[in-house]
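A.B. asks: Supplied in structure tokens, the structure appears directly below.
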Amino acid sequence: MRIGKSPLVLVLTLAALSLQCGKKEEVGEAPKEEGAAPAVAYQPTGDEGTITGVVNFTGQPPQRRRIQMDADPVCAQKNPSALSEDVIVNNGKLQNVFVYVKSGLEKYSFSVPSEEPVLDQNGCMYRPRVLGVMAGQNLKIITSDPTNHNIHPTPKNNPEWNVNQPPGSEPIIRSFPRPEVMIPVKCNQHPWMRAYVGVLRHPFHAVSREDGSFEIKGLPPGEYEIEAWHERYGAQVAKVTVGAKETKQIEFTYAAGQAYRPGSLRLMPALVLPCCEKTMARAAK
Amino acid sequence: MPVRESEGLYRFALVTVGATFVLLVLGALVTSNEAGDSVPDWPTAFGRWMPLDQIVGNVIYEYTHRIAAATVGILMLVLAMGVWWKEKRAWVRRLGGVALLAVLVQAGLGGARVLFVEHRFALALIHAFMGQFFFSLVVSLALVTSPGWRRLEQSRSEIHLPAYLPRLCSAAVVGLFVQLLLGAGFRHRGMGILPHILGAVGVSVLLLGIIWSVRKVAREREVELRVLSRPALWVAGLLGAQLGLGIAAYFARRAARFDPQPLEPMISLTVAHVAGGALLLAALLVLTWRVFWLSGMRRATPVLQPAGQKI
Ligand code: HEM
């Protein structure tokens, strides 16, 4: 039979291409910028400054939706009135915005903190929903739920993994070797469960609290680009100069009507496989 | 082989077609519910064969998909053995062998999709494609073991179908497979919707061309060429339904983009669209096989089914 051969060839070619593109670099040191001077290990001098601020939200925020947990009665019982957490606005302030130093620290390297941030699965929701770690820093994943969960980060620049964590089991300790903002984390057993982990090459990050406030402490004096990232409303950048022992105040403002196009629904770029985005961008340059 | 002797095989092939269709629907439910990675190991589930107490939330979709896949694997094994022992036509026996191989490859791909999460997109794409490819093989097996096909083989009347028709049918089958791939590319978030929409236009043009020429042949020869016009009618109906479902699925996806979890009507519409793709493929294959046979690609004398004779 001749029919059917050609699509098979096509699919195998596509697969080969995709697998080729999907190859991630070997795990190791965070990649350094081309031509950049080698970074020196930063030693605190006592002159460090602080950036504080608030994330505002203007306009009518989308209403939080009821999460239907009936598919797992344990979840439904433990968390009967769970609401969606993608947009949480209190009195015009936006919660769960990841704020971090995007640039300005290239000349320094920082040692990886020994402290292990905790990601808890509680009431079939992730606590916290947004968090930051340094590349190579241990993340401790625990479960407080009497039901099964799988933890599945889907990074673009780090190795992907997927592990099961039954009730009462030992914490899972993992780290991400390369900087990446942000890595979505999912539980495929409970598809409403979503968290985002920001992985940086330095420890300077914060997540906006219920009142929209944030604080980044211990910054070496210098000029910085500070990025605010929100899962639905995207990223904003502010420039700030921090002097010795200075505390600088910045504000970010997101608006309700802000344009947003989720990648999965895009019309174009039509044929860019997710794994190949970097390769294509390099080729375009 | 006399017609009655082969009927058991045909019936069993039909059961396998039905089970494979159910399996495709269950697979589509896994994707639409985002349940693809809910069981992180394979071939066991959470290290066990029957993890009944761990079937929570989305695990039900993934686990029933596995059970259905195992059932289809066993059905295919029995069918391939039946074809091997009972079937005299060597090419049908080979077709049975290829289908058995395809189901084994498909099972391996399903396992690889679970174990190699790094290559999620590529493996999901190939797994989606191979699912439809295997379905097309069992549909073909059921068709060529059917009593209707026997009658077609034994019929002696002649007809000259336009020479381009078999080529058009082959192009449409290939086009449909490419279209399924582009759909899977979008569904698994690897590419935009534009290639799939352009693909739908291309496939529609090819299919309408086939429908138009089958009608033309039937009208010109003033015969009721039911053996072709019936599947052509199915192709037309399913194409219309599939285009409608595709548009509905797209708008349902758009409307659901801020939903905290997969919800209706997005789940049903996207699953129906995947199932519609499989049915359209099946109808086109029936038409294509018959066109090939009637145009004498498989033997020296072309045949015409006498007007009104049921096949
Ligand atoms: C001949 C016509 C068409 C065929 C055969 C077809 C087939 C398919 C198949 C088989 C899939 C699923 C692939 C998989 O994951 O296995 C799919 C996905 C999809 N198709 Fe089509 N399609 C057609 C036309 C259209 C049209 C006109 C649209 C309109 C925009 C459309 C929209 C979609 C969407 C939105 C999805 C993804 C569903 C999801 O998100 O789950 N399709 N298509």
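Just remember, in the structure tokens the first chain shown is A, the second B, etc., residues are 1-based per chain, and ligands are 1-based in the order shown.
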Within 7 Å of ligand 1, counting only C-alpha atoms and all ligand atoms, which protein or nucleic acid residues do you find, written as a PyMOL selection string?
C.D. replies: chain B and resi 28+32+128-129+176+179-181+183-184+186-188+193+196-197+200+203-204+239+242-244+246-247+249-250+253+270-271+273-274+277-278+280
A.B. asks: Using N, CA, C and O atoms, can you export the residues from the last selection as a compact mmCIF listing (two decimals), in the first residue's frame?
C.D. replies:
# COMPACT_ATOMS: atom_id res chain seq x y z
N ALA B 28 -7.93 11.70 23.50
CA ALA B 28 -8.27 13.12 23.35
C ALA B 28 -8.71 13.70 24.70
O ALA B 28 -8.39 14.85 25.03
N SER B 32 -7.26 17.01 26.53
CA SER B 32 -8.13 18.16 26.83
C SER B 32 -8.22 18.42 28.33
O SER B 32 -8.45 19.55 28.75
N ALA B 128 0.12 11.25 18.73
CA ALA B 128 -1.18 11.64 18.17
C ALA B 128 -1.28 11.17 16.72
O ALA B 128 -2.30 10.62 16.28
N PHE B 129 -0.19 11.34 15.98
CA PHE B 129 -0.17 10.94 14.57
C PHE B 129 -0.30 9.43 14.43
O PHE B 129 -1.12 8.92 13.65
N LEU B 176 -4.68 14.90 4.67
CA LEU B 176 -5.42 14.74 5.93
C LEU B 176 -4.46 14.37 7.08
O LEU B 176 -4.58 14.90 8.19
N GLN B 179 -2.75 17.42 8.04
CA GLN B 179 -3.69 18.27 8.77
C GLN B 179 -3.84 17.80 10.22
O GLN B 179 -3.92 18.60 11.15
N LEU B 180 -3.85 16.47 10.42
CA LEU B 180 -3.94 15.93 11.78
C LEU B 180 -2.70 16.33 12.58
O LEU B 180 -2.77 16.67 13.77
N LEU B 181 -1.56 16.31 11.90
CA LEU B 181 -0.31 16.70 12.56
C LEU B 181 -0.32 18.16 12.96
O LEU B 181 0.09 18.53 14.07
N GLY B 183 -2.92 19.98 13.49
CA GLY B 183 -3.88 20.11 14.60
C GLY B 183 -3.23 19.73 15.91
O GLY B 183 -3.37 20.41 16.93
N ALA B 184 -2.48 18.62 15.88
CA ALA B 184 -1.80 18.16 17.10
C ALA B 184 -0.75 19.18 17.52
O ALA B 184 -0.56 19.43 18.71
N PHE B 186 -0.86 22.38 17.21
CA PHE B 186 -1.52 23.48 17.91
C PHE B 186 -2.04 23.01 19.27
O PHE B 186 -1.88 23.69 20.29
N ARG B 187 -2.64 21.82 19.26
CA ARG B 187 -3.26 21.30 20.49
C ARG B 187 -2.23 21.09 21.59
O ARG B 187 -2.49 21.31 22.76
N HIS B 188 -1.02 20.71 21.18
CA HIS B 188 0.02 20.50 22.19
C HIS B 188 0.88 21.75 22.37
O HIS B 188 2.00 21.68 22.86
N ILE B 193 -2.14 28.50 15.17
CA ILE B 193 -3.30 27.86 14.55
C ILE B 193 -3.29 28.05 13.03
O ILE B 193 -3.93 27.30 12.30
N HIS B 196 -2.78 25.17 10.63
CA HIS B 196 -3.90 24.23 10.69
C HIS B 196 -5.10 24.77 9.89
O HIS B 196 -5.80 24.02 9.22
N ILE B 197 -5.30 26.09 9.94
CA ILE B 197 -6.41 26.68 9.18
C ILE B 197 -6.11 26.58 7.68
O ILE B 197 -6.96 26.20 6.88
N ALA B 200 -6.68 23.19 6.63
CA ALA B 200 -8.11 22.88 6.48
C ALA B 200 -8.60 23.34 5.11
O ALA B 200 -9.39 22.64 4.46
N VAL B 203 -7.12 20.80 2.54
CA VAL B 203 -7.79 19.50 2.62
C VAL B 203 -9.22 19.62 2.08
O VAL B 203 -9.69 18.76 1.34
N SER B 204 -9.90 20.73 2.41
CA SER B 204 -11.27 20.91 1.94
C SER B 204 -11.31 20.96 0.42
O SER B 204 -12.18 20.36 -0.21
N LEU B 239 -16.78 16.34 6.61
CA LEU B 239 -15.94 17.53 6.40
C LEU B 239 -16.66 18.76 6.94
O LEU B 239 -16.06 19.57 7.67
N GLN B 242 -16.66 18.65 10.65
CA GLN B 242 -15.32 18.85 11.18
C GLN B 242 -14.91 20.32 11.13
O GLN B 242 -14.29 20.83 12.06
N LEU B 243 -15.27 20.99 10.02
CA LEU B 243 -14.95 22.42 9.92
C LEU B 243 -15.71 23.20 11.00
O LEU B 243 -15.15 24.06 11.68
N GLY B 244 -16.98 22.85 11.16
CA GLY B 244 -17.80 23.52 12.19
C GLY B 244 -17.23 23.27 13.58
O GLY B 244 -17.08 24.20 14.38
N GLY B 246 -14.20 22.45 14.33
CA GLY B 246 -12.89 23.11 14.44
C GLY B 246 -13.04 24.56 14.87
O GLY B 246 -12.37 25.04 15.79
N ILE B 247 -13.96 25.25 14.19
CA ILE B 247 -14.18 26.67 14.51
C ILE B 247 -14.70 26.79 15.95
O ILE B 247 -14.23 27.61 16.74
N ALA B 249 -14.24 24.65 18.37
CA ALA B 249 -13.16 24.29 19.30
C ALA B 249 -12.22 25.48 19.51
O ALA B 249 -11.79 25.76 20.63
N TYR B 250 -11.93 26.19 18.42
CA TYR B 250 -11.01 27.33 18.53
C TYR B 250 -11.61 28.41 19.43
O TYR B 250 -10.94 28.92 20.34
N ARG B 253 -11.58 27.32 23.01
CA ARG B 253 -10.24 27.46 23.60
C ARG B 253 -9.96 28.92 23.97
O ARG B 253 -9.42 29.21 25.02
N THR B 270 -13.34 20.08 21.88
CA THR B 270 -12.03 19.69 21.36
C THR B 270 -11.96 18.17 21.16
O THR B 270 -11.41 17.69 20.17
N VAL B 271 -12.57 17.42 22.09
CA VAL B 271 -12.57 15.95 21.95
C VAL B 271 -13.38 15.55 20.71
O VAL B 271 -12.96 14.69 19.92
N HIS B 273 -13.84 17.27 18.09
CA HIS B 273 -13.09 17.64 16.88
C HIS B 273 -12.01 16.60 16.56
O HIS B 273 -11.81 16.24 15.40
N VAL B 274 -11.35 16.09 17.59
CA VAL B 274 -10.33 15.03 17.36
C VAL B 274 -11.02 13.77 16.82
O VAL B 274 -10.58 13.16 15.85
N GLY B 277 -11.99 14.10 13.26
CA GLY B 277 -10.83 13.93 12.37
C GLY B 277 -10.64 12.45 12.04
O GLY B 277 -10.38 12.09 10.89
N ALA B 278 -10.81 11.60 13.06
CA ALA B 278 -10.63 10.15 12.85
C ALA B 278 -11.73 9.60 11.94
O ALA B 278 -11.46 8.80 11.04
N LEU B 280 -13.49 11.25 9.69
CA LEU B 280 -13.28 11.76 8.33
C LEU B 280 -12.20 10.93 7.63
O LEU B 280 -12.32 10.56 6.46
A.B. asks: I need the chain B residues near chain A as an MDAnalysis selection string; criterion: at most 8 Å, counting only C-alpha atoms.
C.D. replies: chainID B and resid 33:40 46 54 56:59 117:119 122:123 125:126 129 133 170 173:174 177:178 181 186 189:195 253:254 257 259:262
A.B. asks: Please measure the separation of atom CA of B:Gly96 and atom CA of B:Ser146, giving the value in Å to one decimal.
C.D. replies: 14.2 Å
A.B. asks: What gap, in Å, lies between atom CA of B:Leu279 and atom CA of B:Val138?
C.D. replies: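 Taking atom CA of B:Leu279 and atom CA of B:Val138, their separation equals 12.6 Å.
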A.B. asks: Please provide the set of residues having any atom within 6 Å of A:Ala195, restricted to only C-alpha atoms, with same-chain residues fewer than 2 positions apart removed, written as a list in words.
C.D. replies: Arg129, Val130, Pro184 and Val185 of chain A
A.B. asks: Any chance you can output those residues with N, CA and C atoms as a short mmCIF file (atom, residue, chain, number, x, y, z; two decimals), in the first residue's frame?
C.D. replies:
data_model
loop_
_atom_site.label_atom_id
_atom_site.label_comp_id
_atom_site.auth_asym_id
_atom_site.auth_seq_id
_atom_site.Cartn_x
_atom_site.Cartn_y
_atom_site.Cartn_z
N ARG A 129 2.23 30.61 45.62
CA ARG A 129 1.99 30.41 44.19
C ARG A 129 3.18 30.88 43.36
N VAL A 130 3.84 31.94 43.86
CA VAL A 130 4.98 32.50 43.13
C VAL A 130 6.17 32.56 44.09
N PRO A 184 6.87 27.49 34.98
CA PRO A 184 5.55 27.07 35.48
C PRO A 184 5.65 25.68 36.12
N VAL A 185 4.96 25.49 37.21
CA VAL A 185 4.91 24.17 37.87
C VAL A 185 3.45 23.74 37.91
#
A.B. asks: So that I can check the surroundings of A:Gln137, please list as number ranges by chain every protein, DNA and RNA residue that reaches within 6 Å of it, counting only C-alpha atoms and ignoring chain neighbours fewer than 2 positions away.
C.D. replies: A: 112, 134-135, 175
A.B. asks: Pick from B:Leu245, B:Val139, B:Met50, B:Leu294: nearest to B:Ala275, with only C-alpha atoms counted?
C.D. replies: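 Looking only at the distances to B:Ala275, the closest residue turns out to be B:Leu245.
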A.B. asks: Hey, which of B:Gln132, B:Ser140, B:Ser268, B:Thr145 ends up closest to B:Leu285? Count only C-alpha atoms.
C.D. replies: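 Counting only C-alpha atoms, the residue closest to B:Leu285 is B:Ser140.
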A.B. asks: Within 12 Å of B:Trp212, counting only C-alpha atoms, which residues qualify if same-chain residues fewer than 2 places away don't, as an MDAnalysis selection string?
C.D. replies: chainID B and resid 165 168 204:210 214:219 228:229 232:233 235:236
A.B. asks: Skipping near chain neighbours, those fewer than 5 positions away, what residues fall within 12 Å of A:Pro171 using only C-alpha atoms, listed as a count of residues only?
C.D. replies: 18
